[in-house]
$ cat upload-v8.cif   # mmCIF, C-alpha atoms
data_upload
loop_
_atom_site.group_PDB
_atom_site.id
_atom_site.type_symbol
_atom_site.label_atom_id
_atom_site.label_comp_id
_atom_site.auth_asym_id
_atom_site.auth_seq_id
_atom_site.Cartn_x
_atom_site.Cartn_y
_atom_site.Cartn_z
ATOM 1 C CA MET A 1 148.952 59.919 122.204
ATOM 2 C CA ASP A 2 146.645 57.973 124.536
ATOM 3 C CA LEU A 3 142.973 58.626 125.066
ATOM 4 C CA HIS A 4 143.449 59.725 128.678
ATOM 5 C CA SER A 5 145.549 62.706 127.655
ATOM 6 C CA LEU A 6 142.757 63.828 125.280
ATOM 7 C CA THR A 7 139.987 63.661 127.886
ATOM 8 C CA PRO A 8 140.378 67.265 129.201
ATOM 9 C CA VAL A 9 140.377 68.588 125.628
ATOM 10 C CA LEU A 10 137.258 66.613 124.739
ATOM 11 C CA GLY A 11 135.652 67.790 127.947
ATOM 12 C CA LEU A 12 136.330 71.419 127.059
ATOM 13 C CA LEU A 13 135.010 70.908 123.531
ATOM 14 C CA LEU A 14 131.802 69.365 124.842
ATOM 15 C CA GLN A 15 131.441 72.166 127.364
ATOM 16 C CA ALA A 16 131.872 74.751 124.620
ATOM 17 C CA GLU A 17 129.174 73.002 122.564
ATOM 18 C CA PHE A 18 126.541 72.656 125.300
ATOM 19 C CA ASP A 19 127.422 75.433 127.662
ATOM 20 C CA PRO A 20 124.046 76.721 128.956
ATOM 21 C CA ILE A 21 125.547 80.140 129.751
ATOM 22 C CA ARG A 22 126.823 80.546 126.196
ATOM 23 C CA GLU A 23 123.457 79.367 124.898
ATOM 24 C CA GLU A 24 121.678 81.928 127.075
ATOM 25 C CA ILE A 25 124.016 84.705 125.890
ATOM 26 C CA GLY A 26 123.260 83.712 122.286
ATOM 27 C CA ARG A 27 119.527 83.750 122.989
ATOM 28 C CA LEU A 28 119.752 87.206 124.588
ATOM 29 C CA GLN A 29 121.784 88.508 121.641
ATOM 30 C CA ARG A 30 119.214 87.188 119.143
ATOM 31 C CA ASN A 31 116.494 88.719 121.285
ATOM 32 C CA PHE A 32 118.202 92.128 121.309
ATOM 33 C CA GLN A 33 118.987 91.977 117.584
ATOM 34 C CA GLY A 34 115.329 91.143 116.900
ATOM 35 C CA LEU A 35 114.243 94.198 118.883
ATOM 36 C CA ILE A 36 116.655 96.491 117.036
ATOM 37 C CA TRP A 37 115.592 95.106 113.634
ATOM 38 C CA GLY A 38 111.957 95.555 114.627
ATOM 39 C CA PHE A 39 112.489 99.231 115.474
ATOM 40 C CA ILE A 40 114.573 99.795 112.331
ATOM 41 C CA ALA A 41 111.912 98.139 110.137
ATOM 42 C CA ALA A 42 109.139 100.247 111.700
ATOM 43 C CA TRP A 43 111.017 103.498 111.120
ATOM 44 C CA VAL A 44 112.173 102.529 107.614
ATOM 45 C CA ILE A 45 108.553 101.917 106.560
ATOM 46 C CA LEU A 46 107.369 105.212 108.065
ATOM 47 C CA VAL A 47 110.272 107.263 106.706
ATOM 48 C CA GLY A 48 109.796 105.595 103.298
ATOM 49 C CA TYR A 49 106.152 106.596 103.331
ATOM 50 C CA VAL A 50 106.995 110.180 104.359
ATOM 51 C CA LEU A 51 109.518 110.365 101.486
ATOM 52 C CA MET A 52 106.798 109.119 99.126
ATOM 53 C CA LEU A 53 104.506 111.890 100.398
ATOM 54 C CA THR A 54 107.257 114.480 99.899
ATOM 55 C CA VAL A 55 107.925 113.386 96.309
ATOM 56 C CA ARG A 56 104.184 113.484 95.537
ATOM 57 C CA GLU A 57 103.862 116.939 97.150
ATOM 58 C CA ARG A 58 106.620 118.306 94.893
ATOM 59 C CA LYS A 59 105.039 116.740 91.817
ATOM 60 C CA ILE A 60 101.626 118.196 92.661
ATOM 61 C CA ARG A 61 103.048 121.688 93.267
ATOM 62 C CA ARG A 62 104.991 121.593 90.003
ATOM 63 C CA GLU A 63 101.872 120.530 88.110
ATOM 64 C CA MET A 64 99.807 123.238 89.821
ATOM 65 C CA ASP A 65 102.329 125.953 88.886
ATOM 66 C CA ARG A 66 102.489 124.679 85.306
ATOM 67 C CA LEU A 67 98.691 124.759 84.900
ATOM 68 C CA LYS A 68 98.366 128.204 86.502
ATOM 69 C CA SER A 69 101.016 129.661 84.204
ATOM 70 C CA MET A 70 99.289 128.024 81.212
ATOM 71 C CA ILE A 71 95.966 129.625 82.156
ATOM 72 C CA GLU A 72 97.633 133.022 82.696
ATOM 73 C CA GLU A 73 99.334 132.842 79.303
ATOM 74 C CA THR A 74 96.074 131.853 77.603
ATOM 75 C CA GLU A 75 94.235 134.735 79.281
ATOM 76 C CA LYS A 76 96.928 137.209 78.173
ATOM 77 C CA LYS A 77 96.496 136.123 74.556
ATOM 78 C CA MET B 1 96.313 127.316 109.648
ATOM 79 C CA ARG B 2 96.249 123.625 108.721
ATOM 80 C CA GLN B 3 100.015 123.723 108.207
ATOM 81 C CA LYS B 4 100.480 125.007 111.770
ATOM 82 C CA VAL B 5 98.208 122.282 113.165
ATOM 83 C CA ILE B 6 100.192 119.601 111.288
ATOM 84 C CA LEU B 7 103.506 120.990 112.564
ATOM 85 C CA ALA B 8 102.158 121.210 116.127
ATOM 86 C CA MET B 9 100.958 117.596 115.969
ATOM 87 C CA LEU B 10 104.304 116.359 114.623
ATOM 88 C CA ALA B 11 106.215 118.356 117.250
ATOM 89 C CA LEU B 12 103.991 117.002 120.043
ATOM 90 C CA ALA B 13 104.431 113.450 118.727
ATOM 91 C CA ALA B 14 108.225 113.895 118.762
ATOM 92 C CA VAL B 15 108.180 115.428 122.265
ATOM 93 C CA LEU B 16 106.171 112.464 123.543
ATOM 94 C CA LEU B 17 108.036 109.781 121.618
ATOM 95 C CA LEU B 18 111.706 110.661 122.126
ATOM 96 C CA PRO B 19 111.852 110.738 125.954
ATOM 97 C CA ASN B 20 109.498 107.760 126.024
ATOM 98 C CA LEU B 21 111.992 105.695 123.997
ATOM 99 C CA TYR B 22 114.433 106.167 126.875
ATOM 100 C CA VAL B 23 111.752 105.158 129.403
ATOM 101 C CA ILE B 24 110.944 102.029 127.363
ATOM 102 C CA SER B 25 114.612 101.074 127.101
ATOM 103 C CA MET B 26 114.945 101.362 130.892
ATOM 104 C CA LEU B 27 111.978 99.069 131.639
ATOM 105 C CA PRO B 28 112.887 95.646 133.039
ATOM 106 C CA ASP B 29 112.768 92.756 130.572
ATOM 107 C CA GLU B 30 109.619 90.679 130.372
ATOM 108 C CA MET B 31 110.110 87.404 132.248
ATOM 109 C CA ARG B 32 109.484 84.974 129.342
ATOM 110 C CA GLN B 33 110.119 87.084 126.239
ATOM 111 C CA GLY B 34 113.129 89.102 127.347
ATOM 112 C CA GLN B 35 113.921 92.372 125.537
ATOM 113 C CA ILE B 36 111.888 91.641 122.409
ATOM 114 C CA PHE B 37 108.633 92.332 124.296
ATOM 115 C CA ARG B 38 109.363 96.069 123.805
ATOM 116 C CA ILE B 39 108.250 95.698 120.197
ATOM 117 C CA ILE B 40 104.679 95.802 121.556
ATOM 118 C CA PHE B 41 105.162 99.552 122.172
ATOM 119 C CA PHE B 42 105.096 100.068 118.376
ATOM 120 C CA HIS B 43 103.343 96.948 117.140
ATOM 121 C CA VAL B 44 100.041 97.543 118.961
ATOM 122 C CA PRO B 45 99.775 101.360 118.488
ATOM 123 C CA ALA B 46 100.418 100.862 114.738
ATOM 124 C CA ALA B 47 97.604 98.286 114.585
ATOM 125 C CA ALA B 48 95.236 100.425 116.683
ATOM 126 C CA SER B 49 95.883 103.487 114.481
ATOM 127 C CA ALA B 50 95.294 101.493 111.298
ATOM 128 C CA MET B 51 92.093 100.053 112.772
ATOM 129 C CA ILE B 52 90.763 103.485 113.740
ATOM 130 C CA GLY B 53 91.757 104.699 110.272
ATOM 131 C CA SER B 54 89.745 101.927 108.639
ATOM 132 C CA ALA B 55 86.711 102.886 110.766
ATOM 133 C CA VAL B 56 87.108 106.522 109.669
ATOM 134 C CA ALA B 57 87.383 105.334 106.044
ATOM 135 C CA LEU B 58 84.148 103.365 106.493
ATOM 136 C CA VAL B 59 82.259 106.385 107.888
ATOM 137 C CA ALA B 60 83.694 108.684 105.179
ATOM 138 C CA SER B 61 82.740 106.194 102.445
ATOM 139 C CA VAL B 62 79.171 105.882 103.730
ATOM 140 C CA LEU B 63 78.923 109.678 103.971
ATOM 141 C CA PHE B 64 80.221 110.030 100.418
ATOM 142 C CA LEU B 65 77.594 107.615 99.095
ATOM 143 C CA LEU B 66 74.899 109.549 100.961
ATOM 144 C CA THR B 67 76.004 113.103 100.102
ATOM 145 C CA LYS B 68 78.257 112.750 97.011
ATOM 146 C CA ASN B 69 80.558 115.290 98.683
ATOM 147 C CA PHE B 70 84.112 114.679 97.426
ATOM 148 C CA ARG B 71 85.650 115.821 100.712
ATOM 149 C CA TYR B 72 84.554 112.514 102.242
ATOM 150 C CA ASP B 73 86.147 110.627 99.378
ATOM 151 C CA ALA B 74 89.404 112.553 99.919
ATOM 152 C CA LEU B 75 89.283 111.740 103.641
ATOM 153 C CA ALA B 76 88.663 108.046 102.915
ATOM 154 C CA VAL B 77 91.651 107.752 100.587
ATOM 155 C CA ALA B 78 93.917 109.715 102.964
ATOM 156 C CA VAL B 79 93.180 107.587 106.059
ATOM 157 C CA THR B 80 93.344 104.362 104.038
ATOM 158 C CA GLU B 81 96.737 105.100 102.528
ATOM 159 C CA VAL B 82 98.316 106.138 105.843
ATOM 160 C CA GLY B 83 96.610 103.162 107.514
ATOM 161 C CA LEU B 84 98.200 100.818 105.009
ATOM 162 C CA ALA B 85 101.679 102.083 105.982
ATOM 163 C CA PHE B 86 100.872 101.633 109.685
ATOM 164 C CA LEU B 87 99.442 98.163 109.113
ATOM 165 C CA ALA B 88 102.666 97.292 107.266
ATOM 166 C CA VAL B 89 104.594 98.399 110.383
ATOM 167 C CA ASN B 90 102.338 96.169 112.463
ATOM 168 C CA LEU B 91 102.822 93.135 110.207
ATOM 169 C CA VAL B 92 106.598 93.527 109.858
ATOM 170 C CA THR B 93 107.270 94.127 113.571
ATOM 171 C CA GLY B 94 104.989 91.204 114.400
ATOM 172 C CA SER B 95 106.876 88.981 111.987
ATOM 173 C CA ILE B 96 110.240 89.908 113.546
ATOM 174 C CA TRP B 97 108.812 89.230 117.019
ATOM 175 C CA ALA B 98 107.524 85.861 115.799
ATOM 176 C CA ARG B 99 110.964 84.924 114.435
ATOM 177 C CA VAL B 100 112.501 85.487 117.871
ATOM 178 C CA ILE B 101 109.744 83.970 120.023
ATOM 179 C CA TRP B 102 108.194 81.271 117.797
ATOM 180 C CA GLY B 103 111.282 80.595 115.656
ATOM 181 C CA VAL B 104 109.376 81.286 112.409
ATOM 182 C CA TRP B 105 108.757 84.494 110.452
ATOM 183 C CA TRP B 106 105.137 83.695 109.737
ATOM 184 C CA ALA B 107 102.378 81.331 110.850
ATOM 185 C CA TRP B 108 99.053 80.992 109.075
ATOM 186 C CA ASP B 109 96.975 81.468 112.184
ATOM 187 C CA ALA B 110 93.716 83.391 112.339
ATOM 188 C CA ARG B 111 95.061 86.750 113.577
ATOM 189 C CA LEU B 112 98.042 86.925 111.239
ATOM 190 C CA THR B 113 96.129 85.710 108.203
ATOM 191 C CA SER B 114 93.160 88.045 108.743
ATOM 192 C CA ALA B 115 95.543 90.998 109.259
ATOM 193 C CA LEU B 116 97.396 90.148 106.041
ATOM 194 C CA ILE B 117 94.065 89.851 104.174
ATOM 195 C CA CYS B 118 93.126 93.255 105.601
ATOM 196 C CA TRP B 119 96.346 94.761 104.221
ATOM 197 C CA VAL B 120 95.770 93.171 100.806
ATOM 198 C CA LEU B 121 92.144 94.386 100.748
ATOM 199 C CA TYR B 122 93.113 97.992 101.469
ATOM 200 C CA ALA B 123 95.989 97.809 98.975
ATOM 201 C CA GLY B 124 93.310 96.691 96.488
ATOM 202 C CA TYR B 125 91.327 99.813 97.372
ATOM 203 C CA LEU B 126 94.245 102.018 96.273
ATOM 204 C CA ILE B 127 94.812 99.947 93.110
ATOM 205 C CA LEU B 128 91.109 100.242 92.251
ATOM 206 C CA ARG B 129 91.345 104.024 92.528
ATOM 207 C CA GLN B 130 94.311 104.067 90.148
ATOM 208 C CA ALA B 131 92.383 101.979 87.637
ATOM 209 C CA LEU B 132 89.373 104.320 87.339
ATOM 210 C CA GLU B 133 89.646 107.639 85.524
ATOM 211 C CA GLU B 134 86.266 109.276 85.946
ATOM 212 C CA PRO B 135 86.202 110.989 89.411
ATOM 213 C CA THR B 136 82.567 110.272 90.400
ATOM 214 C CA GLN B 137 82.740 106.664 89.262
ATOM 215 C CA ARG B 138 86.095 106.240 90.997
ATOM 216 C CA ALA B 139 84.828 107.705 94.285
ATOM 217 C CA THR B 140 81.596 105.658 94.209
ATOM 218 C CA PHE B 141 83.283 102.341 93.428
ATOM 219 C CA ALA B 142 86.011 103.040 95.982
ATOM 220 C CA ALA B 143 83.432 103.875 98.674
ATOM 221 C CA VAL B 144 81.542 100.621 98.075
ATOM 222 C CA TYR B 145 84.818 98.681 98.077
ATOM 223 C CA SER B 146 85.938 100.383 101.312
ATOM 224 C CA ILE B 147 82.705 99.344 103.040
ATOM 225 C CA PHE B 148 83.288 95.771 101.841
ATOM 226 C CA ALA B 149 86.962 95.841 102.964
ATOM 227 C CA PHE B 150 85.960 96.949 106.455
ATOM 228 C CA THR B 151 84.149 93.645 107.051
ATOM 229 C CA ASP B 152 87.588 92.083 107.656
ATOM 230 C CA VAL B 153 88.479 94.541 110.446
ATOM 231 C CA PRO B 154 86.214 93.031 113.167
ATOM 232 C CA ILE B 155 87.494 89.590 112.141
ATOM 233 C CA VAL B 156 91.088 90.780 112.732
ATOM 234 C CA TYR B 157 90.148 92.255 116.113
ATOM 235 C CA PHE B 158 88.096 89.331 117.431
ATOM 236 C CA SER B 159 90.107 86.511 115.804
ATOM 237 C CA ILE B 160 92.162 85.886 118.956
ATOM 238 C CA ARG B 161 88.957 85.625 121.007
ATOM 239 C CA TRP B 162 86.970 83.555 118.507
ATOM 240 C CA TRP B 163 89.640 81.009 117.584
ATOM 241 C CA ARG B 164 92.562 79.359 119.302
ATOM 242 C CA THR B 165 95.583 81.147 117.846
ATOM 243 C CA LEU B 166 99.330 81.317 118.323
ATOM 244 C CA HIS B 167 99.066 85.082 118.702
ATOM 245 C CA PRO B 168 99.248 86.257 122.339
ATOM 246 C CA GLN B 169 95.950 87.089 124.011
ATOM 247 C CA PRO B 170 95.160 90.797 124.483
ATOM 248 C CA VAL B 171 96.865 92.510 127.409
ATOM 249 C CA PHE B 172 94.508 95.493 127.376
ATOM 250 C CA PHE B 173 90.733 95.603 127.862
ATOM 251 C CA SER B 174 90.657 91.927 128.775
ATOM 252 C CA LYS B 175 90.735 89.693 131.832
ATOM 253 C CA THR B 176 93.579 87.525 130.514
ATOM 254 C CA GLY B 177 96.490 89.940 130.707
ATOM 255 C CA SER B 178 97.665 93.071 132.417
ATOM 256 C CA PHE B 179 100.537 95.507 132.133
ATOM 257 C CA PRO B 180 102.299 96.833 135.234
ATOM 258 C CA PRO B 181 101.339 100.531 135.752
ATOM 259 C CA ASP B 182 104.702 101.987 134.637
ATOM 260 C CA TRP B 183 104.653 99.860 131.468
ATOM 261 C CA GLY B 184 101.055 100.888 130.845
ATOM 262 C CA ARG B 185 101.936 104.579 131.182
ATOM 263 C CA ALA B 186 104.816 104.308 128.691
ATOM 264 C CA PHE B 187 102.552 102.335 126.352
ATOM 265 C CA MET B 188 99.766 104.927 126.479
ATOM 266 C CA ILE B 189 102.231 107.767 125.764
ATOM 267 C CA ASN B 190 103.516 105.832 122.747
ATOM 268 C CA MET B 191 99.951 105.157 121.640
ATOM 269 C CA LEU B 192 99.134 108.890 121.802
ATOM 270 C CA ALA B 193 102.352 109.791 119.912
ATOM 271 C CA VAL B 194 101.614 107.249 117.163
ATOM 272 C CA PHE B 195 98.008 108.506 116.878
ATOM 273 C CA LEU B 196 99.292 112.072 116.497
ATOM 274 C CA LEU B 197 101.742 110.959 113.809
ATOM 275 C CA TYR B 198 98.936 109.103 112.018
ATOM 276 C CA ALA B 199 96.639 112.128 112.186
ATOM 277 C CA ALA B 200 99.374 114.511 110.950
ATOM 278 C CA LEU B 201 100.249 112.257 107.994
ATOM 279 C CA THR B 202 96.547 111.892 107.169
ATOM 280 C CA MET B 203 96.162 115.684 107.123
ATOM 281 C CA ILE B 204 99.162 116.010 104.782
ATOM 282 C CA ARG B 205 97.725 113.327 102.484
ATOM 283 C CA LEU B 206 94.278 114.947 102.636
ATOM 284 C CA ARG B 207 95.744 118.283 101.562
ATOM 285 C CA GLN B 208 97.455 116.555 98.634
ATOM 286 C CA GLU B 209 94.187 114.954 97.589
ATOM 287 C CA GLU B 210 92.412 118.308 97.699
ATOM 288 C CA THR B 211 95.186 119.929 95.643
ATOM 289 C CA GLN B 212 94.921 117.049 93.157
ATOM 290 C CA ARG B 213 91.207 117.839 92.724
ATOM 291 C CA GLU B 214 92.091 121.460 92.129
ATOM 292 C CA ILE B 215 94.599 120.326 89.482
ATOM 293 C CA ASP B 216 91.900 118.190 87.822
ATOM 294 C CA TYR B 217 89.626 121.260 87.740
ATOM 295 C CA LEU B 218 92.401 123.441 86.267
ATOM 296 C CA ARG B 219 93.129 120.785 83.627
ATOM 297 C CA ARG B 220 89.484 120.824 82.569
ATOM 298 C CA THR B 221 89.621 124.653 82.448
ATOM 299 C CA VAL B 222 92.739 124.538 80.252
ATOM 300 C CA HIS B 223 91.063 122.068 77.897
ATOM 301 C CA ALA B 224 87.906 124.217 77.770
ATOM 302 C CA ILE B 225 89.940 127.309 76.860
#
$ encode --input "upload-v8.cif" --output "structure tokens"
Amino acid sequence: MDLHSLTPVLGLLLQAEFDPIREEIGRLQRNFQGLIWGFIAAWVILVGYVLMLTVRERKIRREMDRLKSMIEETEKK
Amino acid sequence: MRQKVILAMLALAAVLLLPNLYVISMLPDEMRQGQIFRIIFFHVPAAASAMIGSAVALVASVLFLLTKNFRYDALAVAVTEVGLAFLAVNLVTGSIWARVIWGVWWAWDARLTSALICWVLYAGYLILRQALEEPTQRATFAAVYSIFAFTDVPIVYFSIRWWRTLHPQPVFFSKTGSFPPDWGRAFMINMLAVFLLYAALTMIRLRQEETQREIDYLRRTVHAI
């Protein structure tokens, strides 16, 4: 196989490597992915915090009920 | 009554936020940044809310030291804790934006570093509270610490004006940047929605703190009996 017959293939390979359109598409994709990850991260932090508040709320209510029943029982005695 | 106010605030925040997400997604891309610029619609309101929260914590801490009224202490801890979550949103979204635009997750420039120090300082405030048992001592130490921690907040705000930083210059309340009117409108709606969310979460946290005080009182009663 001579070098001349390989030239179009090499040309295509080089084009694939340095194609500015492909590069721009890649940049736009990274840009969009960054935006989506940013929104996801923001909501994950907020939802995580809300879940933390919910767990604490339950714990506080349980403790409150326990103490109230203890006081009631002590007063009955 | 407070429950209804919290629900109304959350509902209003959702009503403002959900259609606004569609409006934001339909805005044209920013010329240099592309789509990632939309992160500003959450990044800045989260920072502004946390900053207002830290100012409220400062006022509440000063009022506690002056009056020794524990309601101010409860308010200070509530706004600080919610503010810490919002500041985390600000730092993480900023870091993701930086990865796309600057090519790095983090840069030790004045704005980023001072904001991170601010987060660490307020996290320290919550750790300090966990470490102290006696309520009056805990509230007094925490109030003094909160006043000290606030000294970093003006540094965070003015850092991009005082020093040359990588962080973009302000686009609001400054001569250097401006938002087109339709972008500004969507931004302000988001800002209002995030403020409402912040206020609602603070009220929930405040109620928990008040209930916790009631529990402490009941515990003492049980021990006395």
$ interface_residues --input "upload-v8.cif" --of "chain A" --to "chain B" --cutoff "7 Å" --atoms "all atoms listed in the file" --output "ChimeraX atom specification"
/A:31-32,34-35,38,42,45-46,49,57,60,64,67,71
$ resolve_selection --input "upload-v8.cif" --expression "the PyMOL selection byres ((chain B and resi 109) around 8)" --output "PyMOL selection string"
chain B and resi 107-108+110-113+165-167
$ residues_around --input "upload-v8.cif" --residues "Phe150 of chain B" --least-positions-apart "3" --cutoff "7 Å" --atoms "all atoms listed in the file" --output "JSON, numbers by chain"
{"B": [54, 58, 146, 147, 153]}
$ atom_distance --input "upload-v8.cif" --atom1 "atom CA of Val194 of chain B" --atom2 "atom CA of Pro45 of chain B"
6.3 Å
$ residues_around --input "upload-v8.cif" --residues "Leu126 of chain B" --least-positions-apart "3" --cutoff "12 Å" --atoms "only C-alpha atoms" --output "number ranges by chain"
B: 76-84, 119-123, 129-132, 138-139, 141-143, 145-146, 149
$ axis_aligned_box --input "upload-v8.cif" --around "segment 20-23 of chain A" --padding-each-side "8 Å" --output "AutoDock Vina command-line options"
--center_x 125.1 --center_y 78.6 --center_z 127.3 --size_x 19.4 --size_y 19.8 --size_z 20.9
$ atom_distance --input "upload-v8.cif" --atom1 "atom CA of Arg2 of chain B" --atom2 "atom CA of Arg71 of chain B"
15.4 Å
$ build_atoms --input "upload-v8.cif" --residues "segment 29-40 of chain B" --atoms "N, CA, C and O atoms" --output "CSV table (one decimal), in the coordinates of the input"
chain,number,residue,atom,x,y,z
B,29,ASP,N,113.2,93.7,131.6
B,29,ASP,CA,112.8,92.8,130.6
B,29,ASP,C,111.6,91.9,131.0
B,29,ASP,O,111.4,91.7,132.2
B,30,GLU,N,110.8,91.6,130.1
B,30,GLU,CA,109.6,90.7,130.4
B,30,GLU,C,110.2,89.3,130.7
B,30,GLU,O,111.1,88.8,130.1
B,31,MET,N,109.5,88.6,131.7
B,31,MET,CA,110.1,87.4,132.2
B,31,MET,C,110.3,86.3,131.2
B,31,MET,O,111.4,85.7,131.1
B,32,ARG,N,109.4,86.1,130.3
B,32,ARG,CA,109.5,85.0,129.3
B,32,ARG,C,110.1,85.4,128.0
B,32,ARG,O,110.8,84.7,127.3
B,33,GLN,N,109.7,86.7,127.6
B,33,GLN,CA,110.1,87.1,126.2
B,33,GLN,C,111.5,87.8,126.2
B,33,GLN,O,112.1,87.9,125.1
B,34,GLY,N,111.9,88.3,127.3
B,34,GLY,CA,113.1,89.1,127.3
B,34,GLY,C,112.9,90.5,126.8
B,34,GLY,O,111.9,91.1,126.9
B,35,GLN,N,114.0,91.0,126.0
B,35,GLN,CA,113.9,92.4,125.5
B,35,GLN,C,112.9,92.6,124.4
B,35,GLN,O,112.4,93.7,124.2
B,36,ILE,N,112.7,91.5,123.6
B,36,ILE,CA,111.9,91.6,122.4
B,36,ILE,C,110.5,92.1,122.7
B,36,ILE,O,109.8,92.6,121.8
B,37,PHE,N,110.0,91.9,124.0
B,37,PHE,CA,108.6,92.3,124.3
B,37,PHE,C,108.4,93.8,124.0
B,37,PHE,O,107.3,94.2,123.8
B,38,ARG,N,109.5,94.6,124.0
B,38,ARG,CA,109.4,96.1,123.8
B,38,ARG,C,108.8,96.4,122.4
B,38,ARG,O,108.3,97.5,122.2
B,39,ILE,N,108.8,95.5,121.5
B,39,ILE,CA,108.2,95.7,120.2
B,39,ILE,C,106.8,96.0,120.3
B,39,ILE,O,106.2,96.7,119.4
B,40,ILE,N,106.1,95.6,121.4
B,40,ILE,CA,104.7,95.8,121.6
B,40,ILE,C,104.4,97.3,121.6
B,40,ILE,O,103.3,97.7,121.2
